[in-house]
file coords_12.cif (mmCIF, C-alpha atoms and all ligand atoms)
data_target
#
loop_
_atom_site.label_atom_id
_atom_site.label_comp_id
_atom_site.auth_asym_id
_atom_site.auth_seq_id
_atom_site.Cartn_x
_atom_site.Cartn_y
_atom_site.Cartn_z
CA MET A 150 35.20 104.04 315.98
CA SER A 151 34.53 104.97 312.33
CA GLN A 152 31.53 103.64 310.45
CA GLU A 153 33.65 101.25 308.38
CA CYS A 154 35.22 99.74 311.51
CA GLN A 155 31.85 98.71 312.93
CA VAL A 156 31.62 95.04 313.79
CA PRO A 157 28.69 92.94 314.96
CA GLN A 158 27.46 93.81 318.45
CA ASP A 159 26.70 90.16 319.19
CA PRO A 160 30.04 88.72 320.36
CA SER A 161 29.02 85.28 319.10
CA GLN A 162 29.22 86.70 315.56
CA THR A 163 32.82 87.78 316.04
CA PRO A 164 35.36 85.12 315.07
CA ARG A 165 37.29 83.97 318.10
CA HIS A 166 40.31 82.98 316.01
CA VAL A 167 41.31 84.76 312.80
CA ALA A 168 44.19 83.46 310.68
CA ILE A 169 45.77 85.52 307.91
CA ILE A 170 47.83 84.58 304.86
CA MET A 171 49.72 87.84 304.47
CA ASP A 172 50.40 88.19 300.75
CA GLY A 173 51.38 90.97 298.37
CA ASN A 174 54.45 92.56 299.93
CA GLY A 175 56.46 92.06 296.74
CA ARG A 176 53.75 93.52 294.49
CA TRP A 177 53.27 96.46 296.84
CA ALA A 178 56.98 97.28 296.47
CA LYS A 179 57.03 96.66 292.71
CA GLN A 180 54.09 99.04 292.17
CA ARG A 181 56.21 101.76 293.79
CA GLY A 182 59.49 100.88 292.08
CA LEU A 183 60.95 99.79 295.43
CA PRO A 184 62.99 96.69 296.31
CA ARG A 185 60.95 93.70 297.58
CA ILE A 186 62.46 94.06 301.04
CA GLU A 187 60.77 97.45 301.37
CA GLY A 188 57.45 95.67 300.87
CA HIS A 189 58.34 93.25 303.66
CA ARG A 190 59.38 96.16 305.89
CA ARG A 191 55.98 97.77 305.35
CA GLY A 192 54.48 94.33 305.86
CA VAL A 193 55.89 94.31 309.39
CA GLU A 194 54.07 97.60 310.06
CA ALA A 195 50.87 95.95 308.86
CA VAL A 196 51.57 93.07 311.29
CA ARG A 197 51.63 95.61 314.14
CA THR A 198 48.41 97.22 312.92
CA ALA A 199 46.61 93.88 312.55
CA THR A 200 47.76 92.66 315.98
CA TYR A 201 46.04 95.52 317.79
CA ALA A 202 43.14 95.89 315.34
CA ALA A 203 42.13 92.27 315.87
CA ARG A 204 42.14 92.69 319.62
CA ASP A 205 40.12 95.95 319.41
CA LEU A 206 37.57 94.17 317.22
CA GLY A 207 37.00 91.40 319.77
CA VAL A 208 39.17 88.64 318.30
CA LYS A 209 40.87 86.45 320.91
CA MET A 210 43.52 84.78 318.76
CA LEU A 211 45.27 85.99 315.61
CA THR A 212 47.50 83.65 313.61
CA LEU A 213 49.78 85.20 310.99
CA TYR A 214 51.51 83.15 308.27
CA ALA A 215 54.84 84.94 308.55
CA PHE A 216 57.22 82.43 306.92
CA SER A 217 56.25 79.20 305.23
CA ALA A 218 58.35 76.04 305.02
CA GLU A 219 58.46 76.72 301.26
CA ASN A 220 59.72 80.32 301.67
CA TRP A 221 63.30 78.97 302.08
CA ASN A 222 63.23 78.52 298.30
CA ARG A 223 63.21 82.30 297.75
CA PRO A 224 66.46 84.06 296.77
CA LYS A 225 69.05 83.86 299.55
CA ASP A 226 69.12 87.66 299.99
CA GLU A 227 65.36 87.81 300.51
CA VAL A 228 65.36 84.94 303.02
CA GLY A 229 68.19 86.66 304.91
CA ALA A 230 66.32 89.97 304.89
CA LEU A 231 63.10 88.33 306.14
CA MET A 232 64.98 86.67 309.01
CA GLY A 233 66.62 90.01 309.81
CA LEU A 234 63.23 91.72 309.90
CA LEU A 235 61.84 88.98 312.12
CA GLU A 236 64.74 89.36 314.54
CA LEU A 237 64.31 93.15 314.66
CA TYR A 238 60.56 92.81 315.10
CA LEU A 239 60.93 90.39 318.03
CA LYS A 240 63.55 92.59 319.71
CA LYS A 241 61.20 95.57 319.50
CA GLU A 242 57.99 93.76 320.41
CA LEU A 243 59.06 91.90 323.53
CA GLU A 244 58.54 94.96 325.76
CA THR A 245 55.37 95.98 323.94
CA PHE A 246 53.80 92.54 324.25
CA VAL A 247 54.54 92.44 327.98
CA ARG A 248 53.14 95.98 328.42
CA ASP A 249 50.00 95.25 326.36
CA LYS A 250 49.46 91.71 327.68
CA VAL A 251 49.77 90.01 324.30
CA ARG A 252 50.63 86.32 324.60
CA LEU A 253 52.96 85.22 321.80
CA GLN A 254 52.88 81.64 320.58
CA THR A 255 54.40 79.99 317.52
CA ILE A 256 53.59 77.13 315.19
CA GLY A 257 56.04 75.55 312.77
CA ARG A 258 59.48 73.95 312.87
CA ILE A 259 61.01 76.59 315.12
CA GLU A 260 64.20 74.51 315.44
CA GLY A 261 64.90 75.23 311.75
CA LEU A 262 65.09 79.02 312.28
CA PRO A 263 68.35 80.94 312.92
CA SER A 264 69.52 80.58 316.53
CA GLY A 265 69.14 84.32 317.29
CA VAL A 266 65.50 84.20 316.20
CA GLN A 267 64.94 81.03 318.23
CA ARG A 268 66.35 82.68 321.36
CA LEU A 269 64.13 85.74 320.95
CA LEU A 270 61.07 83.59 320.34
CA ALA A 271 61.82 81.49 323.41
CA ALA A 272 62.22 84.61 325.58
CA THR A 273 59.07 86.32 324.24
CA THR A 274 56.85 83.24 324.46
CA ALA A 275 58.10 82.55 328.01
CA GLU A 276 57.61 86.13 329.21
CA THR A 277 54.09 86.41 327.80
CA ARG A 278 52.83 82.89 328.47
CA HIS A 279 50.62 83.85 331.42
CA PHE A 280 48.49 86.34 329.45
CA THR A 281 45.10 84.85 328.66
CA ASP A 282 42.96 87.57 327.00
CA TYR A 283 44.61 87.77 323.60
CA THR A 284 47.10 85.61 321.72
CA LEU A 285 49.21 86.32 318.66
CA VAL A 286 50.43 83.17 316.92
CA LEU A 287 53.25 83.45 314.41
CA ALA A 288 53.43 80.63 311.87
CA LEU A 289 57.16 80.37 311.18
CA ASN A 290 58.84 77.75 309.02
CA TYR A 291 55.31 76.39 308.91
CA GLY A 292 53.77 73.98 306.44
CA ALA A 293 50.59 72.00 307.04
CA ARG A 294 51.91 68.82 305.42
CA THR A 295 55.09 68.95 307.49
CA GLU A 296 52.92 69.52 310.55
CA VAL A 297 50.88 66.38 309.82
CA ALA A 298 54.07 64.37 309.17
CA ASP A 299 55.62 65.62 312.44
CA ALA A 300 52.39 64.82 314.33
CA ALA A 301 52.22 61.33 312.79
CA ARG A 302 55.80 60.65 313.87
CA ALA A 303 55.14 61.84 317.44
CA TYR A 304 51.89 59.88 317.56
CA ALA A 305 53.60 56.70 316.33
CA ALA A 306 56.27 57.15 319.02
CA ALA A 307 53.53 57.54 321.67
CA LEU A 308 51.86 54.36 320.39
CA ALA A 309 55.15 52.50 320.56
CA ALA A 310 55.76 53.80 324.10
CA GLY A 311 52.25 52.77 325.13
CA THR A 312 51.14 56.28 326.10
CA GLU A 313 48.52 56.11 323.31
CA LYS A 314 46.39 53.13 322.39
CA PRO A 315 45.57 52.28 318.73
CA GLY A 316 41.89 51.87 319.63
CA ASP A 317 41.75 55.51 320.82
CA ALA A 318 42.86 56.90 317.45
CA THR A 319 40.31 59.70 317.07
CA TRP A 320 40.84 63.18 315.65
CA GLU A 321 40.71 64.63 319.18
CA CYS A 322 43.50 62.31 320.21
CA PHE A 323 45.69 62.79 317.11
CA SER A 324 45.26 66.59 316.99
CA LYS A 325 47.09 66.86 320.33
CA TYR A 326 50.25 66.15 318.32
CA LEU A 327 49.80 69.05 315.90
CA TYR A 328 51.71 72.31 316.47
CA THR A 329 48.35 73.87 317.31
CA ALA A 330 47.61 71.58 320.28
CA GLY A 331 45.44 73.46 322.76
CA MET A 332 44.54 76.25 320.31
CA PRO A 333 41.01 76.70 318.97
CA ASP A 334 40.56 76.10 315.23
CA PRO A 335 40.44 79.26 313.11
CA ASP A 336 36.92 80.55 312.46
CA LEU A 337 37.98 82.90 309.69
CA VAL A 338 40.94 82.63 307.29
CA ILE A 339 41.82 85.77 305.34
CA ARG A 340 44.17 85.97 302.36
CA THR A 341 45.26 89.32 301.01
CA SER A 342 46.47 90.34 297.53
CA GLY A 343 43.72 88.76 295.44
CA GLU A 344 45.21 85.26 295.42
CA THR A 345 42.70 82.52 296.26
CA ARG A 346 45.00 79.71 297.37
CA VAL A 347 45.44 78.07 300.77
CA SER A 348 49.20 77.51 300.30
CA ASN A 349 49.68 74.73 302.83
CA PHE A 350 48.30 76.83 305.72
CA LEU A 351 46.36 75.19 308.59
CA LEU A 352 44.86 72.57 306.26
CA MET A 353 43.52 70.42 309.10
CA GLN A 354 42.50 73.21 311.46
CA ALA A 355 40.62 75.20 308.80
CA ALA A 356 38.28 72.28 308.03
CA TYR A 357 35.26 74.38 309.06
CA ALA A 358 36.72 77.87 308.71
CA GLU A 359 35.14 80.57 306.60
CA PHE A 360 37.45 82.00 303.93
CA TYR A 361 37.70 85.65 302.95
CA PHE A 362 39.79 86.88 300.04
CA THR A 363 40.58 90.55 299.52
CA PRO A 364 42.54 92.28 296.75
CA VAL A 365 44.21 94.56 299.31
CA LEU A 366 47.99 94.02 299.37
CA TRP A 367 49.28 93.10 302.82
CA PRO A 368 51.22 96.35 303.55
CA ASP A 369 47.96 98.27 302.95
CA PHE A 370 45.78 95.98 305.08
CA SER A 371 44.13 98.24 307.68
CA LYS A 372 41.85 97.96 310.66
CA ALA A 373 38.93 98.87 308.37
CA ASP A 374 39.86 95.97 306.06
CA LEU A 375 39.89 93.57 309.00
CA ALA A 376 36.55 94.94 310.22
CA ALA A 377 35.11 94.38 306.72
CA ALA A 378 36.28 90.76 306.77
CA ILE A 379 34.74 90.24 310.21
CA ALA A 380 31.48 91.88 309.13
CA ASP A 381 31.36 89.54 306.11
CA PHE A 382 32.03 86.56 308.38
CA SER A 383 29.19 87.59 310.69
CA ARG A 384 26.69 87.36 307.81
CA ARG A 385 27.57 83.77 306.99
CA GLU A 386 25.81 80.71 308.28
CA ARG A 387 28.17 78.01 309.50
CA ARG A 388 26.40 74.69 309.19
CA TYR A 389 29.09 72.13 310.04
CA GLY A 390 27.42 69.62 307.72
CA MET A 391 23.91 70.26 309.06
CA THR A 392 20.95 72.02 307.45
CA SER A 393 19.78 75.60 307.99
CA GLU A 394 16.58 74.27 309.53
CA GLN A 395 18.49 72.26 312.11
CA LEU A 396 20.43 75.35 313.11
CA LYS A 397 17.39 77.63 313.33
CA PRO A 398 14.46 75.32 314.11
CA ALA A 399 12.20 78.13 315.33
CA ALA A 400 12.71 80.27 312.20
CA ALA A 401 12.02 77.30 309.91
CA LYS A 402 8.49 76.72 311.27
C1 LIG B 501 54.14 87.50 301.12
O1 LIG B 501 54.45 88.55 300.27
C2 LIG B 501 54.68 87.70 302.43
C3 LIG B 501 55.54 86.84 303.09
C4 LIG B 501 56.68 86.15 302.50
C5 LIG B 501 55.30 86.58 304.48
C6 LIG B 501 54.94 87.78 305.31
C7 LIG B 501 56.10 88.49 305.84
C8 LIG B 501 56.00 89.68 306.46
C9 LIG B 501 54.73 90.39 306.68
C10 LIG B 501 57.21 90.35 306.97
C11 LIG B 501 57.86 89.64 308.13
C12 LIG B 501 56.92 89.29 309.23
C13 LIG B 501 57.19 89.42 310.56
C14 LIG B 501 56.22 88.92 311.55
C15 LIG B 501 58.41 90.03 311.07
P1 LIG B 501 55.13 88.18 298.90
O2 LIG B 501 56.57 88.53 298.99
O3 LIG B 501 54.86 86.77 298.53
O4 LIG B 501 54.36 89.15 297.93
P2 LIG B 501 54.18 88.95 296.36
O5 LIG B 501 53.30 87.72 296.18
O6 LIG B 501 53.49 90.21 295.96
O7 LIG B 501 55.53 88.79 295.75
#
call {"tool": "encode", "arguments": {"input": "coords_12.cif", "output": "structure tokens"}}
result
Amino acid sequence: MSQECQVPQDPSQTPRHVAIIMDGNGRWAKQRGLPRIEGHRRGVEAVRTATYAARDLGVKMLTLYAFSAENWNRPKDEVGALMGLLELYLKKELETFVRDKVRLQTIGRIEGLPSGVQRLLAATTAETRHFTDYTLVLALNYGARTEVADAARAYAAALAAGTEKPGDATWECFSKYLYTAGMPDPDLVIRTSGETRVSNFLLMQAAYAEFYFTPVLWPDFSKADLAAAIADFSRRERRYGMTSEQLKPAAAK
């Protein structure tokens, strides 16, 4: 492992769940005088790199914001090309995920995706569901506000059916209706390309996440860049509303 890929030795300092807002494909292509789709194509390569880099660095779950609910508003050609790339990616990765024991999960309104993509997602998630060491989560047709609205609707239906009781309305109870039910919250959220927005990504789940922004454009995002983000994370103190002294009582004396 190269010097720049070094991560903390203490596994408790490694984020269990990393979530990435992959941004900058278009700018990467523009800088090279290439069509935007070429940036997305190289972005898929960076997805492959990040998938294995995260696992090598000790991360247990990686969530990638691959297509937002708002991305449908892009030009028709670009949306079509992104769906084509997604289909190609899933066709190629099914075997690889099975071989490498990568569990694939999804979050988002999967039913709104093209039927071919839905079929591939169903097959890949089913065939990899028993792997437990490492999980790749693709956020597809995902928006946090839509997720909350969908969860509220499902929760209201459960209340009406009597499977939930109004008096039990806690976060723990409600969060079972989010797309992320059963998944740990992200510890670290990374956004590439220098933008410092959250863009409707995991708004509830990232309540206590650490954020890391890098100017690197997504197609250039390497294992060393991920290691740098993790190293930065490991130097932070997560207080969850408490004080430093409460977290390190011995050191404070
Ligand atoms: C943002 O770049 C990128 C996206 C629209 C989502 C990420 C998509 C990929 C990495 C390719 C498809 C993914 C899979 C898993 C097959 P942008 O176009 O907004 O860049 P810009 O801000 O520079 O224009």
call {"tool": "closest_atom_pairs", "arguments": {"input": "coords_12.cif", "of": "chain A", "to": "ligand LIG 501 (chain B)", "cutoff": "6 Å", "atoms": "only C-alpha atoms and all ligand atoms", "output": "Markdown table"}}
result
| residue | atom | partner | partner_atom | distance |
| --- | --- | --- | --- | --- |
| A:Met171 | CA | B:LIG501 | C6 | 5.3 |
| A:Asp172 | CA | B:LIG501 | C1 | 3.8 |
| A:Gly173 | CA | B:LIG501 | O6 | 3.3 |
| A:Asn174 | CA | B:LIG501 | O4 | 4.0 |
| A:Gly175 | CA | B:LIG501 | O7 | 3.5 |
| A:Arg176 | CA | B:LIG501 | O6 | 3.6 |
| A:His189 | CA | B:LIG501 | C10 | 4.5 |
| A:Gly192 | CA | B:LIG501 | C9 | 4.0 |
| A:Val193 | CA | B:LIG501 | C10 | 4.8 |
| A:Ala215 | CA | B:LIG501 | C6 | 4.3 |
| A:Phe216 | CA | B:LIG501 | C5 | 5.2 |
| A:Leu231 | CA | B:LIG501 | C11 | 5.8 |
| A:Leu234 | CA | B:LIG501 | C15 | 5.2 |
| A:Leu235 | CA | B:LIG501 | C15 | 3.7 |
| A:Tyr238 | CA | B:LIG501 | C15 | 5.3 |
call {"tool": "atom_distance", "arguments": {"input": "coords_12.cif", "atom1": "atom CA of Leu287 of chain A", "atom2": "atom CA of Arg388 of chain A"}}
result
28.7 Å
call {"tool": "residues_around", "arguments": {"input": "coords_12.cif", "residues": "segment 354-368 of chain A", "least_positions_apart": "3", "cutoff": "6 Å", "atoms": "all atoms listed in the file", "output": "ChimeraX atom specification"}}
result
/A:171-174,191-192,195,334-343,351
call {"tool": "atom_distance", "arguments": {"input": "coords_12.cif", "atom1": "atom CA of Leu269 of chain A", "atom2": "atom CA of Val228 of chain A"}}
result
18.0 Å
call {"tool": "closest_residue", "arguments": {"input": "coords_12.cif", "among": "A:Tyr283, A:Tyr326, A:Phe246, A:Trp320", "to": "Arg302 of chain A", "atoms": "only C-alpha atoms"}}
result
A:Tyr326
call {"tool": "closest_residue", "arguments": {"input": "coords_12.cif", "among": "A:Arg185, A:Lys325, A:Arg252, A:Arg268", "to": "Ala230 of chain A", "atoms": "all atoms listed in the file"}}
result
A:Arg185
call {"tool": "atom_distance", "arguments": {"input": "coords_12.cif", "atom1": "atom CA of His166 of chain A", "atom2": "atom CA of Thr200 of chain A"}}
result
12.2 Å
call {"tool": "residues_around", "arguments": {"input": "coords_12.cif", "residues": "Phe350 of chain A", "least_positions_apart": "2", "cutoff": "9 Å", "atoms": "all atoms listed in the file", "output": "list in words"}}
result
Ile170, Tyr214, Ser217, Ala288, Tyr291, Gly292, Ala293, Arg294, Val347, Ser348, Leu352, Met353, Gln354 and Ala355 of chain A
call {"tool": "residues_around", "arguments": {"input": "coords_12.cif", "residues": "segment 206-210 of chain A", "least_positions_apart": "6", "cutoff": "7 Å", "atoms": "all atoms listed in the file", "output": "tab-separated table (two decimals) with C-alpha atoms, keeping the file's coordinate frame"}}
result
chain	number	residue	atom	x	y	z
A	156	VAL	CA	31.62	95.04	313.79
A	163	THR	CA	32.82	87.78	316.04
A	164	PRO	CA	35.36	85.12	315.07
A	165	ARG	CA	37.29	83.97	318.10
A	166	HIS	CA	40.31	82.98	316.01
A	167	VAL	CA	41.31	84.76	312.80
A	282	ASP	CA	42.96	87.57	327.00
A	283	TYR	CA	44.61	87.77	323.60
A	284	THR	CA	47.10	85.61	321.72
A	285	LEU	CA	49.21	86.32	318.66
call {"tool": "closest_residue", "arguments": {"input": "coords_12.cif", "among": "A:Phe323, A:Leu270, A:Lys179, A:Arg258", "to": "Leu237 of chain A", "atoms": "all atoms listed in the file"}}
result
A:Leu270
call {"tool": "closest_residue", "arguments": {"input": "coords_12.cif", "among": "A:Gln254, A:Ser324, A:Ser393, A:Thr319", "to": "Phe280 of chain A", "atoms": "all atoms listed in the file"}}
result
A:Gln254
call {"tool": "closest_residue", "arguments": {"input": "coords_12.cif", "among": "A:Glu194, A:Ala203, A:Asp299, A:Pro184", "to": "Ile379 of chain A", "atoms": "only C-alpha atoms"}}
result
A:Ala203
call {"tool": "closest_residue", "arguments": {"input": "coords_12.cif", "among": "A:Ala168, A:Val251, A:Ala376, A:Leu289", "to": "Val266 of chain A", "atoms": "all atoms listed in the file"}}
result
A:Leu289
